[in-house]
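These notes are about the structure you will find just below.
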Amino acid sequence: MSSTASGAAKPTVTVTLDGTNRSTTLPLLSGSIGPQTVDIRKLYGDLGIFTFDPGYGATASCESKITYIDGDAGVLLYRGYPIEQLAEKSDFIEVAYLLLEGELPNAAQLEAFRKGITNHTMVHEQLRRFFDGFRRDAHPMAILCGVVGALAAFYHDNLDINDARQREIAAYRLIAKVPTIAAWAYKYSIGQPFMYPRNDLSYAENFLYMLNAVPAEPWKANPILSRAMDRILVLHADHEQNASTSTVRLAGSTGANPFACIAAGIAALWGPAHGGANEAVLKMLTEIGKPENIPAFIREVKDKNSHTKLMGFGHRVYKNFDPRAKIMKDTCHEVLGELGIKDEPLLDMAMEMERIALTDDYFISRKLYPNVDFYSGIILKAMGIPTHMFTVLFAVARTTGWVSQWKELIEDPSQRIGRPRQIYSGAVQRDYTSVDRRG
């Protein structure tokens, strides 16, 4: 523990290099909540060594005021507000404002923000023809990634990231247009006409409209399904420094335009280990086949020698329970009740898996509770959304978090270009030999 000149103690950590008389004192940093963090920035300069942390699981890459997770306690906060309160009392547009601006809006601010997002939901008409360059059977995530990246070619009038007003316009455009692009990617993949956004609908209603409506008949919003979609968007809006968010920040640290940064985040989200978890849940249920096969499947899961994977239970971050899961569970039962679904085999199996997980000691002792991916997959399946669209919906929700994190990065005076180090384990220097002398 070292002291300042005024006598106030500042917590520190001293690192000594074994076999030498060299050591350095590193400050301990504290956020408003959460564990202390060792500031290792001068470790290499003082001792000529750096740290090794594959996957950055024990490394803070930035300082952020947006989202806080306590995995042991099952806590998720957006700007300090518990996710349970926001999911119950708020809607996605209000949450988007909160993530972007740091505070909940007053009535006038909320109305202005809602209007601003609504007025940006259409895309440049030339962009509509951009879709024709994709194969008809292209995955919607491939289309989404490509088209979002191309937005910089259509909206290059506001790409000065050092201008606060231009950053705001870019944020509005991304939050507003990604649902339109996502819905069109789906329509393109199934050969249906694109549906243009409607300004008389809410954010979630408009997204469902663009996904499901056809020109041949009228479309009417279902409040239960619209609310379910809104909750899915709220619960997935941000989740601290996950792989895709870190990707957005890393791309943003280079000064890349916001459309390129979000496209990079979409590409990272596409990975099955990240954004494809709810799709993997339905794949697992499909492989089980029917409810009577569940006991045999559970026995395989419990068998240490088996390679059978259990999807949708437990969470890498949440070691107790996923706070989003209970909200999704309630929403799931609301949706199933509204749609009157009783004889869908996959959903029947999901409900039986849920019952077992909440009563079986094997699951309880290991805290393998159903997570948000388990329930969201069931909801989307019940709503008629195909599995290859699940990650696309995830991207629609997470765009708000990505944009908020990108904006925070750009406005942070201490930000610098990301440049991780490595442990080099390849060949040491060697001399070139001509091909006729090589054995």
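Residue numbers start at 1 in each chain; chains themselves are named A, B, ... in the order of the structure tokens; ligands are numbered from 1 in the order shown.
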Please tabulate, as JSON lines, the residues of range 85-155 of chain A that come within 10 Å of range 171-183 of chain A, each with its closest pair of atoms and the distance in Å to one decimal, counting only C-alpha atoms and ordering rows by chain, then residue number upward.
{"residue": "A:Ile93", "atom": "CA", "partner": "A:Ile175", "partner_atom": "CA", "distance": 9.5}
{"residue": "A:Ala96", "atom": "CA", "partner": "A:Ile175", "partner_atom": "CA", "distance": 8.5}
{"residue": "A:Leu100", "atom": "CA", "partner": "A:Ala171", "partner_atom": "CA", "distance": 8.6}
{"residue": "A:Phe113", "atom": "CA", "partner": "A:Tyr172", "partner_atom": "CA", "distance": 8.7}
{"residue": "A:Arg114", "atom": "CA", "partner": "A:Ala176", "partner_atom": "CA", "distance": 9.9}
{"residue": "A:Gly116", "atom": "CA", "partner": "A:Tyr172", "partner_atom": "CA", "distance": 7.0}
{"residue": "A:Ile117", "atom": "CA", "partner": "A:Ala176", "partner_atom": "CA", "distance": 5.2}
{"residue": "A:Thr118", "atom": "CA", "partner": "A:Ala176", "partner_atom": "CA", "distance": 6.6}
{"residue": "A:Asn119", "atom": "CA", "partner": "A:Ala176", "partner_atom": "CA", "distance": 8.1}
{"residue": "A:His120", "atom": "CA", "partner": "A:Ala176", "partner_atom": "CA", "distance": 5.5}
{"residue": "A:Thr121", "atom": "CA", "partner": "A:Ala176", "partner_atom": "CA", "distance": 4.6}
{"residue": "A:Met122", "atom": "CA", "partner": "A:Lys177", "partner_atom": "CA", "distance": 6.5}
{"residue": "A:Val123", "atom": "CA", "partner": "A:Lys177", "partner_atom": "CA", "distance": 6.5}
{"residue": "A:His124", "atom": "CA", "partner": "A:Lys177", "partner_atom": "CA", "distance": 10.0}
{"residue": "A:Leu127", "atom": "CA", "partner": "A:Ile181", "partner_atom": "CA", "distance": 9.5}
{"residue": "A:Arg128", "atom": "CA", "partner": "A:Ile181", "partner_atom": "CA", "distance": 9.1}
{"residue": "A:Phe131", "atom": "CA", "partner": "A:Ile181", "partner_atom": "CA", "distance": 9.5}
{"residue": "A:Pro140", "atom": "CA", "partner": "A:Ala182", "partner_atom": "CA", "distance": 7.3}
{"residue": "A:Met141", "atom": "CA", "partner": "A:Ala182", "partner_atom": "CA", "distance": 8.2}
{"residue": "A:Ile143", "atom": "CA", "partner": "A:Ala182", "partner_atom": "CA", "distance": 8.2}
{"residue": "A:Leu144", "atom": "CA", "partner": "A:Ala182", "partner_atom": "CA", "distance": 5.9}
{"residue": "A:Cys145", "atom": "CA", "partner": "A:Ala182", "partner_atom": "CA", "distance": 9.5}
{"residue": "A:Val147", "atom": "CA", "partner": "A:Ile181", "partner_atom": "CA", "distance": 7.3}
{"residue": "A:Val148", "atom": "CA", "partner": "A:Val178", "partner_atom": "CA", "distance": 7.3}
{"residue": "A:Leu151", "atom": "CA", "partner": "A:Leu174", "partner_atom": "CA", "distance": 9.0}
{"residue": "A:Tyr155", "atom": "CA", "partner": "A:Arg173", "partner_atom": "CA", "distance": 9.1}
As a list in words, list the residues of range 96-127 of chain A assigned to alpha helix (DSSP H) by DSSP on the backbone atoms of this structure. Ala96, Tyr97, Leu98, Leu99, Leu100, Glu101, Ala107, Ala108, Gln109, Leu110, Glu111, Ala112, Phe113, Arg114, Lys115, Gly116, Ile117, Thr118, Glu125, Gln126 and Leu127 of chain A
Give me the residues near Pro295 in chain A as a ChimeraX atom specification, where near means some atom within 12 Å (using only C-alpha atoms) and where sequence neighbours in that chain fewer than 4 positions away do not count. /A:288-291,299-302,349,352-353,356-357,360
Contact check, range 17-123 of chain A to range 247-252 of chain A, at most 12 Å, counting only C-alpha atoms, closest pairs as a tab-separated table:
residue	atom	partner	partner_atom	distance
A:Ser61	CA	A:Arg249	CA	9.5
A:Cys62	CA	A:Arg249	CA	9.2
A:Glu63	CA	A:Arg249	CA	11.6
A:Ser64	CA	A:Arg249	CA	11.3
Residues as selected, all heavy atoms, written as a PDB file, in the first residue's frame, can you do that?
ATOM      1  N   SER A  61     -10.737  -4.307 -20.748  1.00  0.00           N
ATOM      2  CA  SER A  61     -10.213  -3.656 -21.945  1.00  0.00           C
ATOM      3  C   SER A  61     -10.589  -2.185 -22.031  1.00  0.00           C
ATOM      4  O   SER A  61     -10.064  -1.458 -22.871  1.00  0.00           O
ATOM      5  CB  SER A  61     -10.734  -4.378 -23.190  1.00  0.00           C
ATOM      6  OG  SER A  61     -12.148  -4.316 -23.238  1.00  0.00           O
ATOM      7  N   CYS A  62     -11.496  -1.756 -21.182  1.00  0.00           N
ATOM      8  CA  CYS A  62     -11.948  -0.373 -21.251  1.00  0.00           C
ATOM      9  C   CYS A  62     -12.646  -0.009 -19.947  1.00  0.00           C
ATOM     10  O   CYS A  62     -12.908  -0.858 -19.092  1.00  0.00           O
ATOM     11  CB  CYS A  62     -12.916  -0.184 -22.422  1.00  0.00           C
ATOM     12  SG  CYS A  62     -14.460  -1.122 -22.236  1.00  0.00           S
ATOM     13  N   GLU A  63     -12.939   1.267 -19.811  1.00  0.00           N
ATOM     14  CA  GLU A  63     -13.811   1.741 -18.727  1.00  0.00           C
ATOM     15  C   GLU A  63     -15.133   2.117 -19.362  1.00  0.00           C
ATOM     16  O   GLU A  63     -15.168   2.803 -20.381  1.00  0.00           O
ATOM     17  CB  GLU A  63     -13.200   2.955 -18.033  1.00  0.00           C
ATOM     18  CG  GLU A  63     -14.041   3.492 -16.889  1.00  0.00           C
ATOM     19  CD  GLU A  63     -13.403   4.684 -16.196  1.00  0.00           C
ATOM     20  OE1 GLU A  63     -12.171   4.839 -16.279  1.00  0.00           O
ATOM     21  OE2 GLU A  63     -14.150   5.474 -15.568  1.00  0.00           O
ATOM     22  N   SER A  64     -16.247   1.650 -18.772  1.00  0.00           N
ATOM     23  CA  SER A  64     -17.555   1.900 -19.369  1.00  0.00           C
ATOM     24  C   SER A  64     -18.591   2.202 -18.298  1.00  0.00           C
ATOM     25  O   SER A  64     -18.523   1.668 -17.189  1.00  0.00           O
ATOM     26  CB  SER A  64     -18.007   0.680 -20.188  1.00  0.00           C
ATOM     27  OG  SER A  64     -19.285   0.901 -20.754  1.00  0.00           O
TER      28      SER A  64
END
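When CA of Ile232 in chain A is paired with CA of Lys319 in chain A, their separation reads 21.6 Å.
Note that the spacing between CA of Tyr68 in chain A and CA of Leu86 in chain A amounts to 14.2 Å.
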What lies within 12 Å of Ala87 in chain A using only C-alpha atoms, ignoring chain neighbours under 3 positions off, as JSON, numbers by chain? {"A": [76, 77, 78, 81, 82, 83, 84, 90, 91, 92, 93, 94, 95, 227, 228, 229, 230, 231, 232, 233, 234, 235, 236, 237, 323, 324, 325, 326, 327, 328, 330, 331]}
